[in-house]
>>> print(open('upload.txt').read())   # compact mmCIF, C-alpha atoms
# COMPACT_ATOMS: atom_id res chain seq x y z
CA MET Y 183 40.99 -20.60 -36.43
CA ASN Y 184 42.16 -24.15 -37.19
CA ASP Y 185 40.37 -26.70 -39.35
CA GLN Y 186 38.75 -28.41 -36.35
CA GLU Y 187 37.25 -25.13 -35.14
CA LYS Y 188 36.07 -24.21 -38.65
CA ALA Y 189 34.34 -27.56 -38.99
CA ALA Y 190 32.66 -27.18 -35.61
CA LEU Y 191 31.47 -23.69 -36.46
CA ALA Y 192 30.09 -24.84 -39.82
CA ALA Y 193 28.23 -27.74 -38.17
CA PHE Y 194 26.73 -25.41 -35.56
CA ALA Y 195 25.67 -22.89 -38.22
CA GLU Y 196 24.04 -25.65 -40.27
CA LEU Y 197 22.06 -26.70 -37.22
CA PHE Y 198 21.10 -23.28 -35.82
CA GLY Y 199 21.79 -20.67 -38.47
CA PRO Y 200 24.07 -17.61 -38.50
CA PRO Y 201 25.15 -15.64 -35.43
CA PRO Y 202 22.99 -12.81 -34.01
CA ALA Y 203 23.46 -9.45 -35.70
CA ALA Y 204 25.26 -7.87 -32.75
CA PRO Y 205 28.94 -8.85 -32.61
CA ALA Y 206 30.04 -11.39 -30.02
CA PRO Y 207 32.13 -10.04 -27.15
CA PRO Y 208 35.85 -10.77 -27.47
CA VAL Y 209 37.25 -13.62 -25.36
CA ASP Y 210 40.82 -13.96 -24.17
CA TRP Y 211 40.85 -17.75 -24.18
CA ASP Y 212 44.38 -17.98 -22.80
CA ALA Y 213 43.30 -15.97 -19.73
CA VAL Y 214 40.07 -17.96 -19.32
CA GLU Y 215 41.83 -21.32 -19.56
CA GLU Y 216 44.63 -20.22 -17.25
CA TRP Y 217 42.00 -19.23 -14.65
CA LEU Y 218 40.12 -22.49 -15.09
CA GLY Y 219 43.29 -24.56 -15.00
CA LEU Y 220 41.94 -26.47 -18.01
CA ARG Y 221 41.81 -26.22 -21.78
CA LEU Y 222 38.29 -25.96 -23.18
CA PRO Y 223 36.75 -27.91 -26.08
CA ALA Y 224 37.55 -26.46 -29.50
CA ASP Y 225 33.93 -26.56 -30.70
CA TYR Y 226 32.76 -24.53 -27.69
CA LYS Y 227 35.48 -21.90 -28.14
CA ALA Y 228 34.70 -21.54 -31.84
CA ILE Y 229 30.97 -21.16 -31.19
CA ALA Y 230 31.45 -18.76 -28.27
CA SER Y 231 33.87 -16.58 -30.26
CA ALA Y 232 31.53 -16.30 -33.23
CA TYR Y 233 28.11 -16.27 -31.55
CA GLY Y 234 28.62 -15.04 -27.97
CA PRO Y 235 26.20 -16.01 -25.17
CA LEU Y 236 23.07 -17.59 -26.64
CA ASP Y 237 19.45 -18.39 -25.92
CA ILE Y 238 18.73 -21.56 -27.92
CA GLY Y 239 15.13 -22.47 -28.68
CA GLU Y 240 13.93 -20.32 -25.76
CA ARG Y 241 14.79 -23.29 -23.55
CA LEU Y 242 18.57 -23.45 -23.22
CA TRP Y 243 21.24 -20.87 -22.40
CA LEU Y 244 24.74 -21.40 -23.74
CA HIS Y 245 26.91 -19.32 -21.42
CA THR Y 246 30.20 -17.82 -22.55
CA PRO Y 247 32.78 -15.59 -20.87
CA PHE Y 248 31.73 -11.94 -21.18
CA ALA Y 249 31.26 -8.80 -19.12
CA GLY Y 250 28.05 -6.84 -19.51
CA ASP Y 251 27.17 -3.44 -18.10
CA ALA Y 252 23.74 -4.79 -17.07
CA ARG Y 253 25.47 -7.25 -14.70
CA LEU Y 254 22.78 -9.89 -15.15
CA PHE Y 255 25.26 -12.75 -15.36
CA ASP Y 256 28.72 -13.39 -13.95
CA TYR Y 257 30.69 -16.12 -15.69
CA GLY Y 258 33.14 -16.55 -12.82
CA SER Y 259 30.43 -17.09 -10.19
CA PHE Y 260 28.54 -19.43 -12.53
CA VAL Y 261 31.61 -21.61 -13.04
CA GLU Y 262 32.79 -21.59 -9.43
CA GLU Y 263 29.37 -22.53 -8.06
CA GLY Y 264 28.73 -25.12 -10.75
CA ARG Y 265 32.03 -26.89 -10.20
CA ARG Y 266 30.90 -27.67 -6.66
CA ASP Y 267 28.13 -30.02 -7.81
CA ALA Y 268 30.40 -33.02 -8.41
CA PRO Y 269 34.11 -33.78 -8.78
CA GLY Y 270 35.45 -32.80 -12.18
CA VAL Y 271 32.37 -31.15 -13.69
CA LEU Y 272 32.64 -27.85 -15.56
CA PRO Y 273 29.41 -25.95 -16.36
CA PHE Y 274 28.70 -24.27 -19.67
CA GLY Y 275 24.91 -23.92 -19.90
CA GLU Y 276 21.51 -23.95 -18.22
CA THR Y 277 17.89 -24.59 -19.11
CA ARG Y 278 14.75 -22.65 -18.30
CA MET Y 279 13.93 -25.42 -15.79
CA SER Y 280 17.09 -24.65 -13.77
CA ASP Y 281 18.93 -27.71 -15.07
CA THR Y 282 22.67 -27.27 -15.58
CA LEU Y 283 24.79 -28.55 -18.46
CA TYR Y 284 28.35 -29.64 -17.71
CA TRP Y 285 31.30 -31.35 -19.27
CA ASP Y 286 32.68 -34.31 -17.35
CA THR Y 287 36.36 -33.40 -17.36
CA THR Y 288 37.32 -36.65 -15.63
CA ALA Y 289 36.40 -38.71 -18.72
CA SER Y 290 39.44 -37.75 -20.80
CA ASP Y 291 42.61 -35.69 -20.80
CA ASP Y 292 41.49 -34.34 -24.18
CA PRO Y 293 38.81 -31.62 -23.73
CA ASP Y 294 37.45 -32.39 -27.21
CA GLU Y 295 36.43 -35.80 -25.85
CA TRP Y 296 34.61 -34.53 -22.76
CA PRO Y 297 31.04 -35.87 -22.65
CA VAL Y 298 28.14 -33.66 -21.66
CA VAL Y 299 26.26 -34.45 -18.44
CA VAL Y 300 23.10 -32.68 -17.31
CA HIS Y 301 22.05 -32.07 -13.70
CA VAL Y 302 18.23 -32.15 -13.68
CA LYS Y 303 16.73 -30.11 -10.84
CA ASP Y 304 13.38 -31.95 -10.80
CA LEU Y 305 15.13 -35.31 -10.38
CA ALA Y 306 17.28 -33.91 -7.59
CA SER Y 307 14.18 -32.52 -5.84
CA ALA Y 308 12.57 -35.97 -6.10
CA ARG Y 309 15.69 -37.49 -4.50
CA LYS Y 310 16.46 -39.50 -7.63
CA ASP Y 311 19.73 -39.73 -9.54
CA PRO Y 312 19.84 -36.18 -10.95
CA TRP Y 313 22.37 -36.83 -13.71
CA LEU Y 314 21.52 -37.42 -17.35
CA ARG Y 315 24.45 -38.76 -19.34
CA PRO Y 316 23.97 -38.45 -23.12
CA GLY Y 317 27.49 -39.84 -23.61
CA THR Y 318 28.29 -37.35 -26.37
CA THR Y 319 30.32 -34.17 -26.70
CA LEU Y 320 28.83 -30.69 -27.15
CA LEU Y 321 27.79 -30.62 -30.82
CA PRO Y 322 26.33 -34.16 -30.96
CA THR Y 323 24.47 -33.44 -27.71
CA LEU Y 324 22.92 -30.28 -29.15
CA THR Y 325 21.98 -32.22 -32.28
CA GLY Y 326 20.26 -34.76 -30.08
CA PHE Y 327 18.36 -32.03 -28.25
CA VAL Y 328 17.07 -30.71 -31.57
CA SER Y 329 15.98 -34.22 -32.55
CA ASP Y 330 14.11 -34.40 -29.23
CA GLY Y 331 12.21 -31.17 -29.92
CA LEU Y 332 14.52 -28.24 -29.12
CA ARG Y 333 13.70 -25.54 -31.66
CA PRO Y 334 16.80 -24.62 -33.74
CA HIS Y 335 16.24 -20.91 -33.11
CA LEU Y 336 18.94 -18.60 -31.76
CA ALA Y 337 18.96 -15.23 -30.02
CA ARG Y 338 21.53 -13.34 -27.99
CA SER Y 339 21.12 -14.35 -24.36
CA GLY Y 340 18.86 -12.01 -22.42
CA MET Y 341 21.36 -12.26 -19.58
CA ALA Y 342 23.87 -10.37 -21.73
CA GLY Y 343 22.02 -7.04 -21.72
CA GLY Y 344 23.68 -3.74 -22.58
CA GLU Y 345 27.21 -3.26 -23.88
CA LEU Y 346 29.34 -6.41 -23.85
CA SER Y 347 33.08 -6.57 -23.34
CA ALA Y 348 35.81 -9.10 -22.60
CA TRP Y 349 35.57 -10.94 -19.30
CA THR Y 350 38.43 -10.48 -16.84
CA PRO Y 351 39.09 -13.50 -14.61
CA PRO Y 352 38.90 -12.73 -10.88
CA PRO Y 353 41.88 -13.35 -8.59
CA ARG Y 354 42.34 -16.95 -7.58
CA ARG Y 355 41.48 -17.92 -4.03
CA PRO Y 356 44.73 -18.12 -2.02
CA GLU Y 357 45.97 -21.56 -1.11
CA PRO Y 358 45.19 -22.48 2.53
CA THR Y 359 48.08 -21.89 4.92
CA PRO Y 360 49.40 -24.43 7.46
CA GLU Y 361 47.94 -22.18 10.19
CA GLN Y 362 44.49 -22.47 8.63
CA ARG Y 363 44.83 -26.25 8.35
CA ALA Y 364 45.80 -26.43 12.01
CA ALA Y 365 42.90 -24.20 13.10
CA LEU Y 366 40.43 -26.27 11.07
CA ALA Y 367 41.59 -29.49 12.74
CA SER Y 368 42.24 -28.17 16.22
CA GLY Y 369 38.74 -28.23 17.68
CA GLY Y 370 39.37 -24.86 19.30
CA THR Y 371 36.36 -22.66 20.01
CA GLY Y 372 37.84 -19.24 20.76
CA LEU Y 373 38.51 -16.07 18.80
CA ASP Y 374 42.20 -16.92 18.39
CA THR Y 375 41.23 -20.11 16.53
CA LEU Y 376 38.73 -18.23 14.37
CA THR Y 377 41.25 -15.57 13.34
CA ALA Y 378 43.80 -18.28 12.52
CA LEU Y 379 41.20 -20.08 10.38
CA ILE Y 380 39.90 -16.95 8.63
CA PRO Y 381 42.08 -13.85 8.98
CA PRO Y 382 40.05 -10.72 9.76
CA PRO Y 383 40.04 -7.61 7.55
CA PRO Y 384 42.63 -4.91 8.26
CA GLU Y 385 39.95 -2.27 8.92
CA PRO Y 386 36.71 -3.76 10.28
CA TYR Y 387 33.62 -1.65 9.62
CA LEU Y 388 31.20 -1.26 12.53
CA GLY Y 389 29.23 1.85 11.59
CA SER Y 390 29.30 5.52 12.49
CA GLU Y 391 27.88 5.45 16.03
CA SER Y 392 29.21 4.15 19.38
CA TRP Y 393 28.47 1.09 21.48
CA GLU Y 394 26.86 3.31 24.11
CA TRP Y 395 24.56 4.73 21.40
CA LEU Y 396 23.55 1.17 20.47
CA TYR Y 397 22.97 0.11 24.07
CA GLU Y 398 20.76 3.12 24.66
CA ARG Y 399 18.87 2.47 21.43
CA LEU Y 400 18.26 -1.20 22.29
CA GLY Y 401 17.75 -0.71 26.01
CA THR Y 402 20.41 -3.28 26.90
CA ARG Y 403 24.09 -4.04 26.69
CA LEU Y 404 25.21 -6.91 24.45
CA PRO Y 405 27.36 -9.99 25.09
CA THR Y 406 31.06 -9.24 25.48
CA GLU Y 407 31.95 -12.01 23.04
CA TYR Y 408 29.84 -10.40 20.30
CA VAL Y 409 31.52 -7.03 20.83
CA ARG Y 410 34.97 -8.65 20.53
CA LEU Y 411 33.94 -10.54 17.41
CA MET Y 412 32.60 -7.42 15.73
CA GLU Y 413 35.60 -5.29 16.69
CA THR Y 414 37.78 -7.99 15.11
CA TYR Y 415 35.83 -8.66 11.89
CA GLY Y 416 33.24 -5.91 11.63
CA ALA Y 417 30.21 -6.19 9.41
CA GLY Y 418 30.44 -8.80 6.69
CA GLU Y 419 29.28 -12.03 5.15
CA TRP Y 420 30.51 -15.46 6.21
CA THR Y 421 30.80 -17.93 3.33
CA GLN Y 422 28.26 -16.11 1.18
CA TRP Y 423 25.50 -17.08 3.61
CA LEU Y 424 25.55 -15.57 7.11
CA ARG Y 425 25.51 -11.79 7.31
CA PHE Y 426 26.59 -9.79 10.34
CA ARG Y 427 25.25 -6.28 9.80
CA ALA Y 428 26.98 -3.15 11.09
CA PRO Y 429 26.29 -3.04 14.85
CA LEU Y 430 26.85 0.71 15.06
CA GLY Y 431 25.09 1.61 11.83
CA THR Y 432 21.85 3.54 11.48
CA ARG Y 433 20.44 1.89 8.36
CA ARG Y 434 17.32 -0.27 8.21
CA TYR Y 435 19.22 -3.55 8.04
CA ASP Y 436 21.91 -2.69 10.56
CA LEU Y 437 21.52 -4.22 14.01
CA ALA Y 438 19.31 -1.57 15.63
CA GLY Y 439 17.15 -1.22 12.55
CA THR Y 440 16.70 -4.98 12.19
CA GLU Y 441 15.75 -5.34 15.84
CA GLN Y 442 12.95 -2.84 15.23
CA TRP Y 443 11.48 -4.00 11.91
CA TYR Y 444 11.98 -7.74 12.35
CA GLY Y 445 10.64 -7.65 15.89
CA ALA Y 446 7.50 -5.90 14.66
CA ALA Y 447 7.12 -8.35 11.76
CA TYR Y 448 7.49 -11.37 14.07
CA ARG Y 449 4.88 -10.02 16.50
CA GLY Y 450 2.45 -9.69 13.61
CA MET Y 451 3.11 -13.25 12.44
CA ARG Y 452 2.84 -14.52 16.02
CA ALA Y 453 -0.57 -12.90 16.38
CA ASP Y 454 -1.80 -14.62 13.21
CA TYR Y 455 0.06 -17.96 13.46
CA PRO Y 456 1.18 -18.50 17.07
CA GLN Y 457 1.81 -22.22 16.48
CA TYR Y 458 4.63 -21.34 14.06
CA HIS Y 459 5.99 -18.32 15.94
CA PRO Y 460 6.28 -19.33 19.59
CA LEU Y 461 9.02 -16.98 20.78
CA ALA Y 462 8.85 -13.84 22.86
CA VAL Y 463 10.32 -10.73 21.23
CA TRP Y 464 12.71 -8.28 22.88
CA PRO Y 465 12.02 -6.36 25.12
CA GLU Y 466 9.50 -8.96 26.31
CA PRO Y 467 11.01 -11.13 29.08
CA GLY Y 468 13.30 -13.72 27.50
CA GLY Y 469 12.53 -12.34 24.05
CA PHE Y 470 14.83 -12.90 21.10
CA LEU Y 471 17.08 -10.11 19.81
CA PRO Y 472 18.33 -10.61 16.23
CA PHE Y 473 21.90 -9.69 15.28
CA ALA Y 474 22.71 -11.63 12.07
CA ASP Y 475 20.76 -13.12 9.19
CA SER Y 476 21.20 -15.41 6.21
CA ILE Y 477 20.82 -14.48 2.58
CA ASP Y 478 17.62 -16.56 2.69
CA GLY Y 479 16.04 -14.62 5.55
CA ASP Y 480 16.88 -16.87 8.52
CA GLN Y 481 17.70 -14.92 11.70
CA LEU Y 482 20.47 -15.61 14.23
CA CYS Y 483 19.42 -14.21 17.60
CA TRP Y 484 20.02 -14.16 21.30
CA LEU Y 485 17.38 -15.33 23.74
CA THR Y 486 17.61 -12.64 26.40
CA GLU Y 487 17.55 -15.12 29.29
CA GLY Y 488 20.02 -15.13 32.17
CA ALA Y 489 21.55 -12.83 34.73
CA THR Y 490 23.66 -10.85 32.21
CA PRO Y 491 23.94 -10.59 28.39
CA ASP Y 492 26.96 -12.89 28.57
CA ASP Y 493 24.56 -15.64 29.69
CA TRP Y 494 22.21 -15.28 26.71
CA PRO Y 495 21.88 -18.45 24.60
CA LEU Y 496 21.79 -18.37 20.80
CA ILE Y 497 18.83 -19.39 18.69
CA VAL Y 498 18.15 -19.57 14.96
CA ILE Y 499 14.74 -18.52 13.64
CA PRO Y 500 14.53 -20.44 10.35
CA ARG Y 501 12.53 -18.98 7.50
CA HIS Y 502 11.46 -22.27 5.91
CA ALA Y 503 11.11 -24.63 8.88
CA GLY Y 504 9.59 -24.89 12.32
CA GLN Y 505 11.24 -23.32 15.32
CA GLY Y 506 14.04 -25.40 16.80
CA PRO Y 507 15.68 -25.30 20.25
CA PRO Y 508 18.46 -22.92 21.31
CA LEU Y 509 22.02 -23.68 20.27
CA THR Y 510 24.62 -24.76 22.78
CA GLY Y 511 27.96 -23.11 23.41
CA THR Y 512 29.32 -19.69 22.59
CA LEU Y 513 28.81 -17.51 19.53
CA THR Y 514 32.40 -17.95 18.33
CA GLY Y 515 32.26 -21.67 19.06
CA ALA Y 516 29.01 -22.04 17.11
CA LEU Y 517 30.46 -20.06 14.19
CA LEU Y 518 33.57 -22.27 14.14
CA ALA Y 519 31.52 -25.46 14.36
CA TRP Y 520 29.36 -24.31 11.43
CA LEU Y 521 32.40 -23.39 9.32
CA ARG Y 522 33.95 -26.80 10.04
CA GLY Y 523 30.76 -28.62 9.09
CA GLU Y 524 30.15 -29.84 12.65
CA LEU Y 525 27.00 -27.76 13.22
CA ARG Y 526 24.00 -28.15 10.93
CA THR Y 527 20.65 -26.74 11.90
CA GLU Y 528 17.77 -25.19 9.99
CA GLY Y 529 18.99 -21.81 8.77
CA LEU Y 530 22.66 -22.81 9.03
CA PRO Y 531 23.07 -25.49 6.36
CA GLY Y 532 26.22 -27.40 5.58
CA LEU Y 533 28.80 -25.43 3.61
CA ALA Y 534 31.27 -27.89 2.08
CA ARG Y 535 29.99 -30.86 0.11
CA ALA Y 536 31.29 -34.37 0.62
CA HIS Y 537 33.99 -34.10 -2.05
CA GLU Y 538 35.12 -30.58 -1.09
CA ASP Y 539 37.85 -29.26 1.15
CA PRO Y 540 36.18 -26.82 3.61
CA LEU Y 541 39.08 -24.40 3.16
CA ASP Y 542 38.17 -24.11 -0.52
CA VAL Y 543 34.71 -22.88 0.47
CA ILE Y 544 34.62 -20.99 3.77
CA GLY Y 545 35.60 -17.36 4.09
CA PHE Y 546 34.61 -13.86 5.16
CA GLU Y 547 33.79 -10.87 2.95
CA ALA Y 548 33.93 -7.58 4.84
CA TYR Y 549 31.27 -4.91 4.35
CA GLY Y 550 31.91 -1.19 4.19
CA PRO Y 551 29.82 1.97 4.49
CA THR Y 552 27.63 1.21 1.46
CA PRO Y 553 23.85 1.63 1.07
CA ASP Y 554 21.48 -1.19 2.09
>>> encode(input="upload.txt", output="structure tokens")
Amino acid sequence: MNDQEKAALAAFAELFGPPPAAPAPPVDWDAVEEWLGLRLPADYKAIASAYGPLDIGERLWLHTPFAGDARLFDYGSFVEEGRRDAPGVLPFGETRMSDTLYWDTTASDDPDEWPVVVHVKDLASARKDPWLRPGTTLLPTLTGFVSDGLRPHLARSGMAGGELSAWTPPPRRPEPTPEQRAALASGGTGLDTLTALIPPPPEPYLGSESWEWLYERLGTRLPTEYVRLMETYGAGEWTQWLRFRAPLGTRRYDLAGTEQWYGAAYRGMRADYPQYHPLAVWPEPGGFLPFADSIDGDQLCWLTEGATPDDWPLIVIPRHAGQGPPLTGTLTGALLAWLRGELRTEGLPGLARAHEDPLDVIGFEAYGPTPD
């Protein structure tokens, strides 16, 4: 530890006291910084190495790289999601009010000069400027928080839980290929464009049964385009939001199971609140048949209208908004438009933010034969 780190550690200890009794998890700072592509401030590294992840004053979490067997916190996901909030921000902490603490890495080439900025959730919800800018680095900012009423009391973060060990950085996301760039810009709407944009898994998982089993279970065949899409990609999650469950699986949240339980739930809500639940439910004439959902409970469905299943339009049943009209175009075309940021509707929000490259965000994570 160099003199700068010793001084930072002494200043932190004077402000908050000694570290918790349990030892801090080891941190391979070279590996962490190589994964981040940035050096980190010396005061933060000294504090994290000596204290580990902290709960400060029962109001503020200081997050550090660690792995815990309780799996209550993932440093990699926290950093990757936080970095999306604005160009050049790097998160290191949170408050009990869901505010996030960042360094502004654009302010200096020297990480020891990075000022702290705070994204305040209540301000964002009120559509005001959500950023507080103390204009100071980590230790002076924490000193200011104490002056403003933060209790100088420390405890090991409750998110740590269980045995702690060194954090291993995940693999970096591969750089987009020229083929992906071309597919993103092409405007194509077919499966060939989708597979060029997001390559499918080598072994798509559909479930243990057959298509004929599913058709008999549902009482109908399904659109040819959906079958091709599922045989190409299988069950999985698109961009950590839209989930296509196993079509040939027998579990509660696979396609046949969802059709049964969600259909029953919607009928119950329609009976109580028909003004908010206006749709017919399969097998009622023209009723919706769900086949995908979001992590927030929105449902992507077919409206079973038309001469054949290939004529069925798509519709989203949003969880937190009123019912909108059917979507236009094909399933693959709608999926491509959503991934490109061209389709935004309740239940299918925008994916990339204004300052982001869509190819740094969109993707597909395949499912396998795991429990619900």
>>> residues_around(input="upload.txt", residues="Arg363 (chain Y)", least_positions_apart="5", cutoff="10 Å", atoms="all atoms listed in the file", output="ChimeraX atom specification")
/Y:358,368,378-379,540-541
>>> closest_residue(input="upload.txt", among="Y:Arg501, Y:Arg433, Y:Arg355, Y:His245", to="Gly340 (chain Y)", atoms="all atoms listed in the file")
Y:His245
>>> closest_atom_pairs(input="upload.txt", of="region 342-408 of chain Y", to="region 229-234 of chain Y", cutoff="12 Å", atoms="all atoms listed in the file", output="CSV")
residue,atom,partner,partner_atom,distance
Y:Ala342,CA,Y:Gly234,CA,9.1
Y:Leu346,CA,Y:Gly234,CA,9.6
Y:Ser347,CA,Y:Gly234,CA,10.6
Y:Ala348,CA,Y:Gly234,CA,10.8
Y:Trp349,CA,Y:Gly234,CA,11.8
>>> atom_distance(input="upload.txt", atom1="CA of Glu295 (chain Y)", atom2="CA of Leu272 (chain Y)")
13.5 Å
>>> closest_residue(input="upload.txt", among="Y:Phe255, Y:Trp243, Y:Trp464, Y:Trp494", to="Ser280 (chain Y)", atoms="only C-alpha atoms")
Y:Trp243
>>> atom_distance(input="upload.txt", atom1="CA of Pro273 (chain Y)", atom2="CA of Val302 (chain Y)")
13.1 Å
>>> residues_near_point(input="upload.txt", point="(17.3, -14.9, 22.7)", cutoff="10 Å", atoms="all atoms listed in the file", output="PDB file with C-alpha atoms, in the frame of the given file")
ATOM      1  CA  LEU Y 461       9.020 -16.980  20.780  1.00  0.00           C
ATOM      2  CA  ALA Y 462       8.850 -13.840  22.860  1.00  0.00           C
ATOM      3  CA  VAL Y 463      10.320 -10.730  21.230  1.00  0.00           C
ATOM      4  CA  TRP Y 464      12.710  -8.280  22.880  1.00  0.00           C
ATOM      5  CA  PRO Y 467      11.010 -11.130  29.080  1.00  0.00           C
ATOM      6  CA  GLY Y 468      13.300 -13.720  27.500  1.00  0.00           C
ATOM      7  CA  GLY Y 469      12.530 -12.340  24.050  1.00  0.00           C
ATOM      8  CA  PHE Y 470      14.830 -12.900  21.100  1.00  0.00           C
ATOM      9  CA  LEU Y 471      17.080 -10.110  19.810  1.00  0.00           C
ATOM     10  CA  PRO Y 472      18.330 -10.610  16.230  1.00  0.00           C
ATOM     11  CA  LEU Y 482      20.470 -15.610  14.230  1.00  0.00           C
ATOM     12  CA  CYS Y 483      19.420 -14.210  17.600  1.00  0.00           C
ATOM     13  CA  TRP Y 484      20.020 -14.160  21.300  1.00  0.00           C
ATOM     14  CA  LEU Y 485      17.380 -15.330  23.740  1.00  0.00           C
ATOM     15  CA  THR Y 486      17.610 -12.640  26.400  1.00  0.00           C
ATOM     16  CA  GLU Y 487      17.550 -15.120  29.290  1.00  0.00           C
ATOM     17  CA  GLY Y 488      20.020 -15.130  32.170  1.00  0.00           C
ATOM     18  CA  PRO Y 491      23.940 -10.590  28.390  1.00  0.00           C
ATOM     19  CA  TRP Y 494      22.210 -15.280  26.710  1.00  0.00           C
ATOM     20  CA  PRO Y 495      21.880 -18.450  24.600  1.00  0.00           C
ATOM     21  CA  LEU Y 496      21.790 -18.370  20.800  1.00  0.00           C
ATOM     22  CA  ILE Y 497      18.830 -19.390  18.690  1.00  0.00           C
ATOM     23  CA  VAL Y 498      18.150 -19.570  14.960  1.00  0.00           C
ATOM     24  CA  PRO Y 508      18.460 -22.920  21.310  1.00  0.00           C
TER      25      PRO Y 508
END
>>> residues_around(input="upload.txt", residues="region 281-294 of chain Y", least_positions_apart="6", cutoff="8 Å", atoms="all atoms listed in the file", output="PyMOL selection string")
chain Y and resi 221-225+270-275+300-303+319
>>> closest_residue(input="upload.txt", among="Y:Ala204, Y:Ala428, Y:Leu373, Y:Ala268", to="Gly344 (chain Y)", atoms="only C-alpha atoms")
Y:Ala204
>>> decode(input="upload.txt", residues="region 416-444 of chain Y", atoms="C-alpha atoms", output="compact mmCIF listing (two decimals), in the first residue's frame")
# COMPACT_ATOMS: atom_id res chain seq x y z
CA GLY Y 416 -35.48 -22.12 -28.93
CA ALA Y 417 -36.56 -20.90 -25.53
CA GLY Y 418 -34.67 -17.90 -24.24
CA GLU Y 419 -34.60 -14.27 -23.20
CA TRP Y 420 -34.18 -11.38 -25.62
CA THR Y 421 -32.16 -8.49 -24.20
CA GLN Y 422 -32.93 -9.40 -20.59
CA TRP Y 423 -36.57 -8.45 -21.13
CA LEU Y 424 -38.68 -10.59 -23.48
CA ARG Y 425 -38.91 -14.28 -22.63
CA PHE Y 426 -39.93 -16.98 -25.09
CA ARG Y 427 -40.74 -20.03 -22.99
CA ALA Y 428 -40.21 -23.60 -24.19
CA PRO Y 429 -43.03 -24.32 -26.67
CA LEU Y 430 -42.79 -28.07 -26.19
CA GLY Y 431 -42.27 -28.02 -22.44
CA THR Y 432 -44.68 -29.26 -19.79
CA ARG Y 433 -43.89 -26.82 -16.99
CA ARG Y 434 -46.24 -24.16 -15.63
CA TYR Y 435 -44.55 -21.29 -17.44
CA ASP Y 436 -43.94 -23.07 -20.73
CA LEU Y 437 -46.30 -22.19 -23.56
CA ALA Y 438 -49.09 -24.68 -22.86
CA GLY Y 439 -48.97 -24.05 -19.13
CA THR Y 440 -49.03 -20.28 -19.56
CA GLU Y 441 -51.98 -20.47 -21.93
CA GLN Y 442 -53.90 -22.29 -19.19
CA TRP Y 443 -53.04 -20.27 -16.07
CA TYR Y 444 -52.83 -16.82 -17.67
